[in-house]
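> This is the content of coords.csv (CSV, N, CA and C atoms):
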```csv
chain,number,residue,atom,x,y,z
H,1,MET,N,8.7,-16.1,-13.0
H,1,MET,CA,7.9,-15.0,-13.4
H,1,MET,C,8.4,-14.4,-14.6
H,2,THR,N,7.6,-14.3,-15.6
H,2,THR,CA,8.0,-13.6,-16.9
H,2,THR,C,7.9,-12.1,-16.7
H,3,THR,N,8.5,-11.4,-17.7
H,3,THR,CA,8.5,-10.0,-17.7
H,3,THR,C,7.1,-9.4,-17.7
H,4,ILE,N,6.3,-10.0,-18.6
H,4,ILE,CA,4.9,-9.5,-18.7
H,4,ILE,C,4.1,-9.7,-17.4
H,5,HIS,N,4.3,-10.8,-16.7
H,5,HIS,CA,3.7,-11.1,-15.4
H,5,HIS,C,4.1,-10.0,-14.4
H,6,PHE,N,5.4,-9.7,-14.4
H,6,PHE,CA,6.0,-8.7,-13.5
H,6,PHE,C,5.3,-7.4,-13.8
H,7,ILE,N,5.2,-7.0,-15.0
H,7,ILE,CA,4.6,-5.7,-15.4
H,7,ILE,C,3.1,-5.7,-15.0
H,8,LEU,N,2.4,-6.7,-15.3
H,8,LEU,CA,1.0,-6.8,-15.0
H,8,LEU,C,0.8,-6.7,-13.5
H,9,ALA,N,1.6,-7.4,-12.7
H,9,ALA,CA,1.4,-7.4,-11.3
H,9,ALA,C,1.7,-6.0,-10.7
H,10,THR,N,2.8,-5.4,-11.3
H,10,THR,CA,3.1,-4.0,-10.9
H,10,THR,C,2.0,-3.0,-11.2
H,11,VAL,N,1.4,-3.1,-12.3
H,11,VAL,CA,0.3,-2.2,-12.7
H,11,VAL,C,-0.9,-2.4,-11.9
H,12,CYS,N,-1.3,-3.7,-11.7
H,12,CYS,CA,-2.5,-4.0,-10.9
H,12,CYS,C,-2.3,-3.6,-9.4
H,13,ILE,N,-1.1,-3.8,-8.8
H,13,ILE,CA,-0.9,-3.4,-7.5
H,13,ILE,C,-0.9,-1.9,-7.4
H,14,GLY,N,-0.3,-1.2,-8.4
H,14,GLY,CA,-0.3,0.2,-8.4
H,14,GLY,C,-1.8,0.8,-8.4
H,15,PHE,N,-2.6,0.2,-9.3
H,15,PHE,CA,-4.0,0.7,-9.4
H,15,PHE,C,-4.8,0.4,-8.1
H,16,ALA,N,-4.5,-0.8,-7.5
H,16,ALA,CA,-5.2,-1.2,-6.3
H,16,ALA,C,-4.8,-0.2,-5.2
H,17,ASN,N,-3.5,0.2,-5.1
H,17,ASN,CA,-3.0,1.1,-4.1
H,17,ASN,C,-3.7,2.5,-4.3
H,18,ILE,N,-3.8,2.9,-5.5
H,18,ILE,CA,-4.5,4.2,-5.8
H,18,ILE,C,-5.9,4.2,-5.3
H,19,CYS,N,-6.6,3.1,-5.7
H,19,CYS,CA,-8.0,3.0,-5.3
H,19,CYS,C,-8.2,2.9,-3.8
H,20,ILE,N,-7.4,2.1,-3.2
H,20,ILE,CA,-7.6,1.9,-1.7
H,20,ILE,C,-7.3,3.2,-1.0
H,21,GLU,N,-6.2,3.9,-1.4
H,21,GLU,CA,-5.8,5.1,-0.7
H,21,GLU,C,-6.9,6.2,-1.0
H,22,TRP,N,-7.4,6.3,-2.2
H,22,TRP,CA,-8.4,7.3,-2.5
H,22,TRP,C,-9.7,7.0,-1.6
H,23,PHE,N,-10.1,5.7,-1.6
H,23,PHE,CA,-11.3,5.4,-0.9
H,23,PHE,C,-11.2,5.6,0.6
H,24,ILE,N,-10.1,5.1,1.2
H,24,ILE,CA,-9.9,5.2,2.7
H,24,ILE,C,-9.5,6.6,3.1
H,25,ILE,N,-8.5,7.1,2.5
H,25,ILE,CA,-8.0,8.4,2.9
H,25,ILE,C,-8.7,9.6,2.3
H,26,GLY,N,-9.0,9.5,1.0
H,26,GLY,CA,-9.6,10.6,0.3
H,26,GLY,C,-11.1,10.7,0.4
H,27,PHE,N,-11.7,9.6,0.9
H,27,PHE,CA,-13.2,9.6,1.0
H,27,PHE,C,-13.6,9.4,2.4
H,28,LEU,N,-13.3,8.3,3.0
H,28,LEU,CA,-13.8,7.9,4.4
H,28,LEU,C,-13.2,8.8,5.5
H,29,PHE,N,-11.9,9.1,5.4
H,29,PHE,CA,-11.2,9.8,6.5
H,29,PHE,C,-10.8,11.2,6.0
H,30,HIS,N,-11.3,11.8,4.9
H,30,HIS,CA,-10.9,13.1,4.5
H,30,HIS,C,-11.3,14.2,5.4
H,31,LYS,N,-12.4,14.1,6.1
H,31,LYS,CA,-12.8,15.1,7.1
H,31,LYS,C,-11.8,15.1,8.3
H,32,SER,N,-11.3,14.0,8.6
H,32,SER,CA,-10.3,14.0,9.7
H,32,SER,C,-9.0,14.6,9.3
H,33,GLN,N,-8.7,14.5,8.0
H,33,GLN,CA,-7.5,15.1,7.5
H,33,GLN,C,-7.6,16.6,7.5
H,34,ALA,N,-8.8,17.1,7.3
H,34,ALA,CA,-9.0,18.6,7.3
H,34,ALA,C,-8.9,19.2,8.7
H,35,LEU,N,-8.9,18.4,9.8
H,35,LEU,CA,-8.8,18.9,11.1
H,35,LEU,C,-7.4,19.4,11.5
H,36,THR,N,-6.4,19.1,10.6
H,36,THR,CA,-5.0,19.6,10.8
H,36,THR,C,-4.6,20.3,9.5
H,37,PRO,N,-5.2,21.5,9.2
H,37,PRO,CA,-4.9,22.1,7.9
H,37,PRO,C,-3.4,22.6,7.7
H,38,ASN,N,-2.7,22.9,8.8
H,38,ASN,CA,-1.4,23.4,8.7
H,38,ASN,C,-0.4,22.3,8.4
H,39,THR,N,-0.8,21.1,8.4
H,39,THR,CA,0.1,20.0,8.2
H,39,THR,C,0.3,19.7,6.7
H,40,TRP,N,-0.7,20.1,5.9
H,40,TRP,CA,-0.7,19.7,4.5
H,40,TRP,C,-0.3,20.8,3.5
H,41,ARG,N,0.4,20.3,2.4
H,41,ARG,CA,0.8,21.2,1.3
H,41,ARG,C,-0.5,21.3,0.4
H,42,PRO,N,-0.6,22.3,-0.4
H,42,PRO,CA,-1.7,22.4,-1.3
H,42,PRO,C,-1.7,21.3,-2.3
H,43,GLU,N,-2.8,20.8,-2.7
H,43,GLU,CA,-2.9,19.8,-3.7
H,43,GLU,C,-2.7,20.4,-5.1
H,44,SER,N,-2.1,19.7,-6.0
H,44,SER,CA,-1.9,20.1,-7.3
H,44,SER,C,-1.7,18.9,-8.3
H,45,ASN,N,-1.7,19.2,-9.5
H,45,ASN,CA,-1.5,18.1,-10.5
H,45,ASN,C,-0.2,17.4,-10.3
H,46,ARG,N,0.8,18.2,-9.9
H,46,ARG,CA,2.1,17.6,-9.7
H,46,ARG,C,2.1,16.7,-8.5
H,47,SER,N,1.4,17.0,-7.4
H,47,SER,CA,1.4,16.1,-6.3
H,47,SER,C,0.6,14.9,-6.6
H,48,TYR,N,-0.4,15.0,-7.4
H,48,TYR,CA,-1.1,13.8,-7.9
H,48,TYR,C,-0.3,12.9,-8.7
H,49,MET,N,0.5,13.5,-9.6
H,49,MET,CA,1.4,12.7,-10.5
H,49,MET,C,2.5,12.0,-9.7
H,50,TYR,N,3.1,12.7,-8.7
H,50,TYR,CA,4.1,12.0,-7.9
H,50,TYR,C,3.5,10.9,-7.0
H,51,SER,N,2.3,11.1,-6.5
H,51,SER,CA,1.6,10.1,-5.7
H,51,SER,C,1.3,8.9,-6.6
H,52,THR,N,0.9,9.1,-7.8
H,52,THR,CA,0.6,8.0,-8.7
H,52,THR,C,1.9,7.2,-9.1
H,53,LEU,N,2.9,7.9,-9.4
H,53,LEU,CA,4.2,7.3,-9.7
H,53,LEU,C,4.7,6.5,-8.5
H,54,LEU,N,4.6,7.0,-7.3
H,54,LEU,CA,5.0,6.2,-6.1
H,54,LEU,C,4.1,5.0,-5.9
H,55,SER,N,2.8,5.0,-6.3
H,55,SER,CA,2.0,3.9,-6.2
H,55,SER,C,2.5,2.8,-7.1
H,56,PHE,N,2.9,3.1,-8.3
H,56,PHE,CA,3.4,2.1,-9.3
H,56,PHE,C,4.8,1.7,-8.8
H,57,LEU,N,5.6,2.5,-8.2
H,57,LEU,CA,6.9,2.1,-7.7
H,57,LEU,C,6.7,1.1,-6.6
H,58,PHE,N,5.7,1.4,-5.7
H,58,PHE,CA,5.4,0.4,-4.7
H,58,PHE,C,5.0,-0.9,-5.3
H,59,GLY,N,4.2,-0.9,-6.4
H,59,GLY,CA,3.8,-2.1,-7.1
H,59,GLY,C,5.0,-2.9,-7.6
H,60,ALA,N,5.9,-2.2,-8.2
H,60,ALA,CA,7.1,-2.9,-8.7
H,60,ALA,C,8.0,-3.5,-7.5
H,61,LEU,N,8.2,-2.7,-6.5
H,61,LEU,CA,9.0,-3.2,-5.4
H,61,LEU,C,8.3,-4.3,-4.6
H,62,PHE,N,7.0,-4.3,-4.4
H,62,PHE,CA,6.3,-5.4,-3.8
H,62,PHE,C,6.3,-6.6,-4.7
H,63,THR,N,6.1,-6.5,-6.0
H,63,THR,CA,6.2,-7.6,-6.9
H,63,THR,C,7.6,-8.2,-6.8
H,64,PHE,N,8.6,-7.4,-6.8
H,64,PHE,CA,10.0,-8.0,-6.7
H,64,PHE,C,10.2,-8.7,-5.4
H,65,PHE,N,9.7,-8.1,-4.3
H,65,PHE,CA,9.8,-8.7,-3.0
H,65,PHE,C,9.1,-10.1,-3.0
H,66,TYR,N,7.9,-10.1,-3.5
H,66,TYR,CA,7.1,-11.3,-3.5
H,66,TYR,C,7.8,-12.4,-4.4
H,67,TRP,N,8.3,-12.0,-5.5
H,67,TRP,CA,9.0,-12.9,-6.4
H,67,TRP,C,10.2,-13.5,-5.8
H,68,LYS,N,11.0,-12.7,-5.1
H,68,LYS,CA,12.3,-13.2,-4.6
H,68,LYS,C,12.2,-13.8,-3.2
H,69,ILE,N,11.2,-13.3,-2.4
H,69,ILE,CA,11.2,-13.7,-1.0
H,69,ILE,C,9.8,-14.3,-0.6
H,70,GLY,N,8.8,-13.5,-0.8
H,70,GLY,CA,7.4,-13.9,-0.3
H,70,GLY,C,6.9,-15.1,-0.9
H,71,SER,N,7.1,-15.4,-2.1
H,71,SER,CA,6.6,-16.6,-2.7
H,71,SER,C,7.1,-17.9,-2.1
H,72,LYS,N,8.2,-17.8,-1.4
H,72,LYS,CA,8.8,-19.0,-0.8
H,72,LYS,C,8.2,-19.3,0.6
H,73,TYR,N,7.4,-18.4,1.1
H,73,TYR,CA,6.8,-18.5,2.4
H,73,TYR,C,5.3,-18.6,2.4
H,74,VAL,N,4.7,-18.8,1.3
H,74,VAL,CA,3.2,-18.9,1.2
H,74,VAL,C,2.9,-20.2,0.6
H,75,ILE,N,1.7,-20.6,0.8
H,75,ILE,CA,1.1,-21.8,0.2
H,75,ILE,C,0.4,-21.4,-1.1
H,76,GLN,N,0.9,-21.8,-2.2
H,76,GLN,CA,0.4,-21.4,-3.5
H,76,GLN,C,-1.1,-21.8,-3.6
H,77,GLY,N,-2.0,-20.9,-4.0
H,77,GLY,CA,-3.4,-21.2,-4.2
H,77,GLY,C,-4.2,-21.0,-2.9
H,78,ASN,N,-3.5,-20.7,-1.8
H,78,ASN,CA,-4.2,-20.5,-0.5
H,78,ASN,C,-4.3,-19.0,-0.2
H,79,LEU,N,-5.5,-18.5,-0.3
H,79,LEU,CA,-5.8,-17.1,-0.1
H,79,LEU,C,-5.4,-16.7,1.3
H,80,TRP,N,-5.7,-17.5,2.3
H,80,TRP,CA,-5.4,-17.1,3.7
H,80,TRP,C,-3.9,-17.0,3.9
H,81,SER,N,-3.1,-17.8,3.3
H,81,SER,CA,-1.7,-17.7,3.4
H,81,SER,C,-1.2,-16.4,2.8
H,82,HIS,N,-1.8,-15.9,1.7
H,82,HIS,CA,-1.4,-14.6,1.2
H,82,HIS,C,-1.9,-13.4,2.0
H,83,ILE,N,-3.0,-13.6,2.6
H,83,ILE,CA,-3.5,-12.5,3.5
H,83,ILE,C,-2.6,-12.4,4.7
H,84,LYS,N,-2.1,-13.5,5.2
H,84,LYS,CA,-1.2,-13.5,6.4
H,84,LYS,C,0.2,-12.8,5.9
H,85,LEU,N,0.6,-13.1,4.7
H,85,LEU,CA,1.8,-12.5,4.2
H,85,LEU,C,1.6,-10.9,4.2
H,86,GLY,N,0.5,-10.5,3.7
H,86,GLY,CA,0.2,-9.1,3.7
H,86,GLY,C,0.2,-8.5,5.0
H,87,LEU,N,-0.4,-9.2,6.0
H,87,LEU,CA,-0.5,-8.7,7.4
H,87,LEU,C,0.9,-8.6,8.0
H,88,ILE,N,1.7,-9.6,7.7
H,88,ILE,CA,3.1,-9.6,8.2
H,88,ILE,C,3.9,-8.4,7.6
H,89,CYS,N,3.7,-8.2,6.3
H,89,CYS,CA,4.4,-7.0,5.7
H,89,CYS,C,3.9,-5.7,6.3
H,90,PHE,N,2.6,-5.6,6.5
H,90,PHE,CA,2.0,-4.4,7.2
H,90,PHE,C,2.7,-4.2,8.5
H,91,ALA,N,2.7,-5.3,9.3
H,91,ALA,CA,3.2,-5.1,10.7
H,91,ALA,C,4.7,-4.8,10.7
H,92,CYS,N,5.5,-5.3,9.7
H,92,CYS,CA,6.9,-5.1,9.7
H,92,CYS,C,7.3,-3.7,9.0
H,93,PHE,N,6.6,-3.3,8.0
H,93,PHE,CA,7.0,-2.2,7.2
H,93,PHE,C,6.2,-0.9,7.4
H,94,SER,N,4.9,-1.1,7.6
H,94,SER,CA,4.0,0.1,7.6
H,94,SER,C,3.5,0.5,9.0
H,95,PHE,N,3.2,-0.4,9.8
H,95,PHE,CA,2.6,-0.1,11.1
H,95,PHE,C,3.5,0.8,11.9
H,96,ILE,N,4.7,0.4,12.1
H,96,ILE,CA,5.7,1.2,12.9
H,96,ILE,C,5.9,2.6,12.3
H,97,LEU,N,6.1,2.6,11.0
H,97,LEU,CA,6.3,3.9,10.3
H,97,LEU,C,5.1,4.9,10.5
H,98,GLU,N,3.9,4.4,10.3
H,98,GLU,CA,2.7,5.2,10.4
H,98,GLU,C,2.5,5.7,11.8
H,99,VAL,N,2.7,4.8,12.8
H,99,VAL,CA,2.6,5.2,14.2
H,99,VAL,C,3.7,6.2,14.6
H,100,SER,N,4.9,6.0,14.2
H,100,SER,CA,6.0,6.9,14.6
H,100,SER,C,5.8,8.3,13.9
H,101,ASN,N,5.3,8.3,12.6
H,101,ASN,CA,5.0,9.5,12.0
H,101,ASN,C,3.9,10.3,12.8
H,102,SER,N,2.9,9.6,13.3
H,102,SER,CA,1.9,10.3,14.0
H,102,SER,C,2.4,10.9,15.3
H,103,ILE,N,3.5,10.4,15.8
H,103,ILE,CA,4.0,11.0,17.0
H,103,ILE,C,4.6,12.4,16.7
H,104,TYR,N,5.3,12.6,15.6
H,104,TYR,CA,6.0,13.8,15.3
H,104,TYR,C,5.2,14.7,14.3
H,105,ILE,N,4.3,14.2,13.6
H,105,ILE,CA,3.5,15.0,12.6
H,105,ILE,C,2.1,15.2,13.2
H,106,ASN,N,1.6,16.4,13.1
H,106,ASN,CA,0.3,16.8,13.7
H,106,ASN,C,-0.9,16.2,12.9
H,107,TYR,N,-1.0,14.9,13.0
H,107,TYR,CA,-2.1,14.2,12.4
H,107,TYR,C,-3.2,14.0,13.5
H,108,ASP,N,-4.5,14.1,13.0
H,108,ASP,CA,-5.6,13.8,13.8
H,108,ASP,C,-5.6,12.2,14.1
H,109,LYS,N,-6.1,11.8,15.2
H,109,LYS,CA,-6.1,10.4,15.6
H,109,LYS,C,-6.9,9.5,14.6
H,110,LYS,N,-8.0,10.1,14.2
H,110,LYS,CA,-8.9,9.4,13.2
H,110,LYS,C,-8.2,9.2,11.9
H,111,PHE,N,-7.4,10.3,11.5
H,111,PHE,CA,-6.7,10.2,10.2
H,111,PHE,C,-5.6,9.1,10.3
H,112,VAL,N,-4.9,9.0,11.5
H,112,VAL,CA,-3.9,8.0,11.7
H,112,VAL,C,-4.6,6.6,11.6
H,113,ALA,N,-5.8,6.4,12.1
H,113,ALA,CA,-6.5,5.2,12.0
H,113,ALA,C,-6.8,4.9,10.5
H,114,GLY,N,-7.2,5.9,9.8
H,114,GLY,CA,-7.4,5.7,8.4
H,114,GLY,C,-6.2,5.3,7.6
H,115,LYS,N,-5.1,5.9,7.9
H,115,LYS,CA,-3.8,5.6,7.3
H,115,LYS,C,-3.4,4.2,7.6
H,116,LEU,N,-3.6,3.7,8.8
H,116,LEU,CA,-3.3,2.3,9.2
H,116,LEU,C,-4.2,1.4,8.4
H,117,VAL,N,-5.5,1.6,8.4
H,117,VAL,CA,-6.4,0.8,7.6
H,117,VAL,C,-6.0,0.7,6.2
H,118,ALA,N,-5.8,1.8,5.6
H,118,ALA,CA,-5.4,1.9,4.1
H,118,ALA,C,-4.1,1.2,3.9
H,119,SER,N,-3.1,1.3,4.7
H,119,SER,CA,-1.9,0.7,4.6
H,119,SER,C,-2.0,-0.9,4.7
H,120,CYS,N,-2.8,-1.3,5.7
H,120,CYS,CA,-3.0,-2.7,5.9
H,120,CYS,C,-3.7,-3.3,4.6
H,121,LEU,N,-4.8,-2.7,4.2
H,121,LEU,CA,-5.5,-3.2,3.0
H,121,LEU,C,-4.6,-3.2,1.8
H,122,THR,N,-3.8,-2.2,1.6
H,122,THR,CA,-2.9,-2.1,0.5
H,122,THR,C,-1.9,-3.3,0.5
H,123,MET,N,-1.3,-3.6,1.7
H,123,MET,CA,-0.3,-4.7,1.8
H,123,MET,C,-1.0,-6.0,1.5
H,124,VAL,N,-2.2,-6.2,2.0
H,124,VAL,CA,-2.9,-7.5,1.8
H,124,VAL,C,-3.3,-7.6,0.3
H,125,ALA,N,-3.8,-6.5,-0.3
H,125,ALA,CA,-4.2,-6.6,-1.7
H,125,ALA,C,-2.9,-6.9,-2.5
H,126,ALA,N,-1.8,-6.2,-2.2
H,126,ALA,CA,-0.6,-6.4,-3.0
H,126,ALA,C,-0.1,-7.9,-2.9
H,127,ALA,N,-0.2,-8.5,-1.7
H,127,ALA,CA,0.2,-9.9,-1.6
H,127,ALA,C,-0.7,-10.8,-2.4
H,128,ILE,N,-2.0,-10.5,-2.4
H,128,ILE,CA,-3.0,-11.4,-3.2
H,128,ILE,C,-2.7,-11.2,-4.7
H,129,ILE,N,-2.6,-9.9,-5.1
H,129,ILE,CA,-2.4,-9.7,-6.5
H,129,ILE,C,-1.1,-10.2,-7.0
H,130,ALA,N,0.0,-10.1,-6.3
H,130,ALA,CA,1.3,-10.7,-6.7
H,130,ALA,C,1.2,-12.2,-6.8
H,131,SER,N,0.4,-12.8,-6.0
H,131,SER,CA,0.3,-14.3,-6.0
H,131,SER,C,-0.4,-14.7,-7.3
H,132,LEU,N,-1.3,-13.8,-7.9
H,132,LEU,CA,-2.0,-14.2,-9.1
H,132,LEU,C,-1.1,-14.2,-10.3
H,133,PHE,N,0.1,-13.5,-10.2
H,133,PHE,CA,1.0,-13.4,-11.4
H,133,PHE,C,2.3,-14.1,-11.2
H,134,CYS,N,2.5,-14.7,-10.0
H,134,CYS,CA,3.8,-15.3,-9.8
H,134,CYS,C,3.6,-16.8,-9.5
H,135,TRP,N,4.3,-17.6,-10.2
H,135,TRP,CA,4.3,-19.1,-10.0
H,135,TRP,C,5.7,-19.5,-9.8
H,136,ARG,N,5.9,-20.6,-9.0
H,136,ARG,CA,7.3,-21.1,-8.8
H,136,ARG,C,7.7,-21.9,-9.9
```
Kindly present the structure from the file in structure tokens form.

Amino acid sequence: MTTIHFILATVCIGFANICIEWFIIGFLFHKSQALTPNTWRPESNRSYMYSTLLSFLFGALFTFFYWKIGSKYVIQGNLWSHIKLGLICFACFSFILEVSNSIYINYDKKFVAGKLVASCLTMVAAAIIASLFCWR
């Protein structure tokens, strides 16, 4: 993987993460989020900036993970293989975290479902996007 491919994969995964999170959490499940108003800090430009930076950090970390580890366990050019990698990453890294957070944080159940869907779609999209920029 060249440096330009790494940067492009990072940026594309970051933008995909922003779009998925906005659509699922910010649009589809936003009313469920409002059911627990004491849980949330006020939104501001600073919170949006940090959220965006974290999306791009996720893009860089997932691209690095795919480059060093994930690419060795998928069939290149096989979309289903990359979807399975995304689902495995979701199950290992996000599912447990999101469910355990919902135990201790006052989230509405519908909002937790939305976070799980968004997290799953983000991992699958990241695996597919990383595969487009990484070749053995």
> What would the list of residues within 8 Å of (-0.7, -11.7, 0.5) (file frame) look like as a ChimeraX atom specification, if only N, CA and C atoms are what count?
/H:79-88,123-131
> Find the residue from H:Ile105, H:Ile25, H:Val74, H:Leu61 that sits nearest to Ser119 (chain H); use only C-alpha atoms when measuring.
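Closest to Ser119 (chain H), using only C-alpha atoms: H:Ile25.
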> What is the atom C of Ser32 (chain H)-atom N of Glu98 (chain H) distance in Å, reported with one decimal?
16.5 Å
> For region 16-23 of chain H, work out the shell of residues within 6.5 Å, counting only N, CA and C atoms and skipping chain neighbours fewer than 6 positions away, then give it as a list in words.
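Counting only N, CA and C atoms, the residues come to Phe29, Ser55, Ala118 and Thr122 of chain H.
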> Let me make sure I understand: among H:Trp67, H:Tyr73, H:Phe56, H:Tyr104, which one has the smallest atom-to-atom distance to Thr10 (chain H) if we use all atoms listed in the file?
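Among H:Trp67, H:Tyr73, H:Phe56, H:Tyr104, it is H:Phe56 that comes nearest to Thr10 (chain H).
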> Measuring between all atoms listed in the file, which one of H:Ile75, H:Val11, H:Val117, H:Met1 shows the shortest distance to Ile24 (chain H)?
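Under the stated criterion, the closest residue is H:Val117.
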> Tell me, in Å to one decimal, how far atom C of Asn106 (chain H) is from atom N of Asn38 (chain H).
8.1 Å
> Could you tell me which of H:Leu53, H:His5, H:Val112, H:Trp40 comes closest to Ser94 (chain H) if we count only C-alpha atoms?
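Closest to Ser94 (chain H) of all the choices is H:Val112.
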> Return the single residue from H:Ser51, H:Phe15, H:Tyr107, H:Val99 that is closest to Thr36 (chain H), with distances computed using only N, CA and C atoms.
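Under the stated criterion, the closest residue is H:Tyr107.
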> Using DSSP on the backbone coordinates, identify all residues within chain H classified as helix (DSSP H, G or I); present the result as an MDAnalysis selection string.
chainID H and resid 3:28 30:33 37:39 45:68 70:72 79:104 109:133
> Would you please work out which residue, of H:Cys89, H:Leu8, H:Ile13, H:Leu57, is nearest to Ile69 (chain H) when using only C-alpha atoms?
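Of all the options, H:Cys89 lies closest to Ile69 (chain H).
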> Give me, please, the distance in Å between CA of Tyr48 (chain H) and CA of His30 (chain H), quoted to one decimal.
15.8 Å
> Env of Lys31 (chain H): 10 Å cut, atoms = only C-alpha atoms, seq-sep filter 4 positions within chain, self excluded. Answer as a PyMOL selection string.
chain H and resi 25-27+35-36+108+110-111
